[in-house]
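J.: Pasting data_29.txt here (compact mmCIF, C-alpha atoms and all ligand atoms):
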# COMPACT_ATOMS: atom_id res chain seq x y z
CA MET A 212 95.14 67.32 54.78
CA SER A 213 97.21 69.57 52.58
CA LYS A 214 95.19 72.65 51.73
CA LYS A 215 95.03 73.85 48.12
CA ILE A 216 93.51 76.77 46.25
CA ASP A 217 92.66 77.29 42.58
CA ILE A 218 93.71 80.52 40.89
CA ILE A 219 93.83 82.05 37.46
CA TRP A 220 97.45 82.83 36.65
CA THR A 221 98.67 85.33 34.09
CA CYS A 222 102.00 84.36 32.52
CA GLN A 223 104.54 87.09 33.24
CA ASN A 224 106.20 86.42 29.88
CA CYS A 225 103.39 86.20 27.30
CA GLY A 226 100.30 87.26 29.25
CA ASP A 227 98.51 83.96 28.70
CA ARG A 228 95.94 83.23 31.41
CA TYR A 229 95.26 79.76 32.73
CA GLY A 230 94.06 77.99 35.86
CA LEU A 231 96.36 76.31 38.33
CA THR A 232 96.27 74.86 41.83
CA LEU A 233 98.52 76.10 44.62
CA PHE A 234 99.36 74.60 47.98
CA ARG A 235 98.43 76.70 51.00
CA SER A 236 99.66 74.00 53.33
CA ILE A 237 101.42 70.73 52.74
CA TRP A 238 102.00 67.60 54.79
CA GLY A 239 105.73 67.10 54.72
CA GLU A 240 105.73 63.61 56.22
CA ILE A 241 104.40 62.31 52.89
CA PRO A 242 107.55 61.64 50.81
CA GLU A 243 106.11 62.98 47.50
CA ASN A 244 105.12 66.20 49.23
CA ARG A 245 108.52 66.64 50.83
CA SER A 246 110.14 65.97 47.48
CA ILE A 247 108.22 68.68 45.59
CA VAL A 248 109.30 71.16 48.26
CA MET A 249 112.94 70.09 48.39
CA ASN A 250 113.15 69.98 44.57
CA ASP A 251 111.69 73.49 44.28
CA LYS A 252 108.65 72.19 42.41
CA ILE A 253 105.96 73.38 44.79
CA ASN A 254 103.76 76.24 43.56
CA THR A 255 105.62 76.47 40.26
CA THR A 256 104.07 76.49 36.81
CA THR A 257 105.09 76.14 33.17
CA CYS A 258 103.12 78.27 30.76
CA PRO A 259 101.30 76.11 28.20
CA ASN A 260 101.70 78.89 25.63
CA CYS A 261 105.34 80.03 25.83
CA GLY A 262 106.85 77.30 28.02
CA ILE A 263 108.35 79.70 30.57
CA SER A 264 108.45 78.36 34.14
CA SER A 265 107.63 80.56 37.10
CA LYS A 266 107.72 80.11 40.83
CA LEU A 267 104.77 81.79 42.51
CA PRO A 268 105.56 83.77 45.66
CA TYR A 269 102.51 82.32 47.41
CA PRO A 270 103.03 81.73 51.14
CA PHE A 271 102.34 78.24 52.41
CA LEU A 272 102.68 76.22 55.59
CA TYR A 273 104.86 73.14 55.72
CA THR A 274 103.77 70.79 58.50
CA HIS A 275 105.40 67.59 59.67
CA LYS A 276 104.37 64.84 62.07
CA ASN A 277 106.87 62.97 64.20
CA PRO A 278 108.88 65.00 64.79
CA ASP A 279 106.11 67.57 64.98
CA PHE A 280 106.95 70.92 63.45
CA ALA A 281 105.60 73.53 61.06
CA VAL A 282 107.26 76.31 59.05
CA TRP A 283 105.75 79.05 56.92
CA TRP A 284 107.35 80.16 53.70
CA GLU A 285 106.38 83.80 53.47
CA PRO A 286 108.21 85.53 50.61
CA ILE A 287 105.90 88.53 50.93
CA TYR A 288 104.15 89.58 54.12
CA ASP A 289 100.78 87.81 54.42
CA LYS A 290 98.33 89.34 56.88
CA SER A 291 96.10 86.26 56.78
CA ILE A 292 98.86 84.25 58.50
CA ASP A 293 98.49 86.55 61.52
CA GLU A 294 94.76 85.84 61.47
CA GLU A 295 95.24 82.08 61.09
CA LYS A 296 97.67 82.10 64.00
CA LYS A 297 95.17 84.02 66.10
CA GLN A 298 92.47 81.47 65.26
CA PHE A 299 94.80 78.61 66.17
CA GLY A 300 95.58 80.36 69.43
CA ASN A 301 91.89 80.50 70.35
CA LEU A 302 91.28 76.82 69.76
CA PRO A 303 91.97 74.51 72.67
CA GLY A 304 94.60 71.86 72.23
CA VAL A 305 96.23 73.30 69.10
CA PRO A 306 99.90 72.40 69.52
CA ASP A 307 102.43 75.17 70.10
CA TYR A 308 104.45 74.25 67.04
CA LEU A 309 101.52 75.32 64.84
CA ILE A 310 100.86 78.54 66.72
CA ASN A 311 104.54 79.43 66.85
CA ALA A 312 105.53 78.19 63.41
CA PRO A 313 108.43 80.33 62.15
CA ARG A 314 107.82 82.52 59.11
CA VAL A 315 110.77 82.33 56.74
CA LYS A 316 111.14 84.74 53.84
CA ASP A 317 114.08 83.25 51.98
CA TRP A 318 113.40 80.03 50.05
CA GLU A 319 116.79 78.39 50.71
CA GLU A 320 116.61 79.29 54.38
CA PHE A 321 113.08 77.84 54.48
CA LYS A 322 114.39 74.48 53.23
CA ARG A 323 117.33 74.61 55.66
CA THR A 324 114.85 75.23 58.50
CA ILE A 325 112.90 72.10 57.48
CA LEU A 326 116.11 70.02 57.39
CA ARG A 327 117.12 71.31 60.82
CA LEU A 328 113.71 70.65 62.39
CA GLU A 329 113.54 67.16 60.86
CA ASN A 330 116.62 66.26 62.86
CA GLU A 331 115.59 67.84 66.13
CA PRO A 332 114.50 65.35 68.77
CA GLN A 333 110.76 65.06 69.25
CA LYS A 334 109.61 67.40 72.01
CA GLU A 335 107.26 65.98 74.60
CA PRO A 336 103.77 67.46 74.19
CA ASP A 337 103.05 70.29 76.60
CA PRO A 338 101.09 68.77 79.53
CA LYS A 339 99.10 72.01 79.93
CA LYS A 340 97.94 71.74 76.29
CA LEU A 341 97.05 68.08 76.72
CA LYS A 342 95.01 68.94 79.80
CA GLU A 343 93.19 71.72 77.90
CA MET A 344 92.38 69.35 75.07
CA ASP A 345 91.25 66.66 77.49
CA LYS A 346 88.92 69.11 79.24
CA TYR A 347 87.60 70.37 75.89
CA PHE A 348 86.61 66.89 74.75
CA LYS A 349 85.24 65.92 78.15
CA ASP A 350 83.07 69.05 78.08
CA ILE A 351 81.74 68.11 74.66
CA ILE A 352 80.97 64.57 75.80
CA GLN A 353 79.41 65.84 79.03
CA ASN A 354 77.23 68.26 77.06
CA LYS A 355 76.02 65.44 74.87
CA LEU A 356 75.33 63.26 77.90
CA ASP A 357 73.40 66.05 79.62
CA ARG A 358 71.29 66.54 76.52
CA HIS A 359 70.78 62.81 76.22
CA GLN A 360 69.70 62.54 79.84
CA LYS A 361 67.28 65.41 79.41
CA ASN A 362 65.76 63.65 76.43
CA LYS A 363 65.61 60.44 78.38
CA SER A 364 63.78 62.03 81.32
CA GLY A 365 61.42 63.56 78.75
CA CYS A 366 60.69 60.07 77.43
CA LEU A 367 60.26 58.75 80.94
CA GLY A 368 57.85 61.59 81.73
CA ASN A 369 55.76 60.67 78.70
CA PHE A 370 55.81 57.05 79.76
CA PHE A 371 54.43 57.85 83.24
CA PHE A 372 51.86 60.13 81.72
CA LEU A 373 50.62 57.29 79.48
CA ILE A 374 50.44 54.92 82.48
CA PHE A 375 48.46 57.56 84.33
CA ILE A 376 45.98 57.96 81.44
CA PHE A 377 45.76 54.21 81.06
CA SER A 378 44.99 53.65 84.76
CA ALA A 379 42.44 56.46 84.68
CA LEU A 380 40.76 54.78 81.73
CA ILE A 381 40.69 51.44 83.56
CA ILE A 382 39.13 53.09 86.61
CA VAL A 383 36.53 54.87 84.44
CA PHE A 384 35.88 51.59 82.64
CA LYS A 385 35.41 49.71 85.95
CA PHE A 386 33.03 52.33 87.33
CA SER A 387 30.98 52.33 84.19
CA LEU A 388 30.41 48.56 84.45
ZN ZN A 401 103.63 82.37 28.74
What is this file in structure tokens?
T.:
Amino acid sequence: MSKKIDIIWTCQNCGDRYGLTLFRSIWGEIPENRSIVMNDKINTTTCPNCGISSKLPYPFLYTHKNPDFAVWWEPIYDKSIDEEKKQFGNLPGVPDYLINAPRVKDWEEFKRTILRLENEPQKEPDPKKLKEMDKYFKDIIQNKLDRHQKNKSGCLGNFFFLIFIFSALIIVFKFSL
């Protein structure tokens, strides 16, 4: 899903302060989303007091499915993008296009990059990545199964224990007759 954050913005013209929501990431395959980017509407605001419009230099990630690509708009250096990339890199199965998403400073160049990547043929997914992801999910499933089996043998153990007690009671009962 597109990621958003709420901020309090101070109008650079009149100093009025008001809340607004900014995109941190946006799904470009949704036509309305693509349109607010291409029409320069994303992360812009019009002051309710003086009516001046501003574009906020807030970096965000544009992602697209089929063809799969991602591009950062980074008008000012954002350290947290380095951290996000590192986190992506540590997760199994995260596609390369997310980890290696270009970071574009200039707004017009950012849009040109999107247009170029939209028309690039879809790359086949990296088989190594697919294998990693496959193993990751198999491990999770295997873990669950192991736990399940442990629980099951626990149940079975209790069951035999009850039979044992029950037989012992029958024997005691018989002897007492
Ligand atoms: Zn204002």
J.: Please check which protein, DNA or RNA residues sit within 8 Å of ligand ZN 401 (chain A), counting all atoms listed in the file, and write them as a compact mmCIF listing (two decimals) with C-alpha atoms, in the coordinates of the input.
T.:
# COMPACT_ATOMS: atom_id res chain seq x y z
CA THR A 221 98.67 85.33 34.09
CA CYS A 222 102.00 84.36 32.52
CA GLN A 223 104.54 87.09 33.24
CA ASN A 224 106.20 86.42 29.88
CA CYS A 225 103.39 86.20 27.30
CA GLY A 226 100.30 87.26 29.25
CA ASP A 227 98.51 83.96 28.70
CA THR A 257 105.09 76.14 33.17
CA CYS A 258 103.12 78.27 30.76
CA PRO A 259 101.30 76.11 28.20
CA ASN A 260 101.70 78.89 25.63
CA CYS A 261 105.34 80.03 25.83
CA GLY A 262 106.85 77.30 28.02
CA ILE A 263 108.35 79.70 30.57
J.: How far is it from atom CA of A:Ala281 to atom CA of A:Asn330, in Å with one decimal?
T.: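 These two atoms are separated by 13.3 Å.
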J.: Find the spatial neighbours of A:Asn301, counting only C-alpha atoms, within a cut-off of 12 Å - ignore same-chain residues fewer than 6 positions away - and output them as an mmCIF file with C-alpha atoms, in the coordinates of the input.
T.:
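Generated output (around24.cif):
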data_model
loop_
_atom_site.group_PDB
_atom_site.id
_atom_site.type_symbol
_atom_site.label_atom_id
_atom_site.label_comp_id
_atom_site.auth_asym_id
_atom_site.auth_seq_id
_atom_site.Cartn_x
_atom_site.Cartn_y
_atom_site.Cartn_z
ATOM 1 C CA GLU A 294 94.760 85.840 61.470
ATOM 2 C CA GLU A 295 95.240 82.080 61.090
ATOM 3 C CA ASP A 307 102.430 75.170 70.100
ATOM 4 C CA ILE A 310 100.860 78.540 66.720
ATOM 5 C CA GLU A 343 93.190 71.720 77.900
#
J.: List every protein, DNA or RNA residue that has an atom no more than 8 Å from (104.0, 85.1, 58.2) in the file's coordinate frame, counting only C-alpha atoms, and report them as a PyMOL selection string.
T.: chain A and resi 270+283-285+288-290+292-293+313-315
J.: Could you please determine the separation between atom CA of A:Gly239 and atom CA of A:Phe280 in Å, to one decimal place?
T.: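 Straight-line distance from atom CA of A:Gly239 to atom CA of A:Phe280 works out to 9.6 Å.
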J.: Can you work out the spacing between atom CA of A:Trp238 and atom CA of A:Lys322 in Å, to one decimal?
T.: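 Atom CA of A:Lys322 lies at a distance of 14.3 Å from atom CA of A:Trp238.
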J.: Can you tell me, as a count of residues only, what residues are no more than 12 Å from stretch 248-254 of chain A when counting only C-alpha atoms, ignoring any on the same chain fewer than 5 positions away?
T.: 39
J.: Determine the nearest neighbour of A:Pro286 from the options A:Ser246, A:Asp317, A:Leu302, A:Asp357, counting all atoms listed in the file.
T.: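 Using all atoms listed in the file, the shortest distance to A:Pro286 belongs to A:Asp317.
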J.: If you count only C-alpha atoms, which residues fall within 8 Å of A:Ile219, apart from same-chain ones fewer than 6 positions away, as a ChimeraX atom specification?
T.: /A:228-231
J.: I need the residue nearest A:Arg245 from this list: A:Glu329, A:Pro338, A:Asp350, A:Asn311. Use all atoms listed in the file for the distance.
T.: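 Nearest candidate to A:Arg245 out of A:Glu329, A:Pro338, A:Asp350, A:Asn311: A:Glu329.
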J.: Between A:Asn244, A:Asn277, A:Thr255, A:Ser213, which residue has the minimum interatomic distance to A:Gln333, considering all atoms listed in the file?
T.: A:Asn277
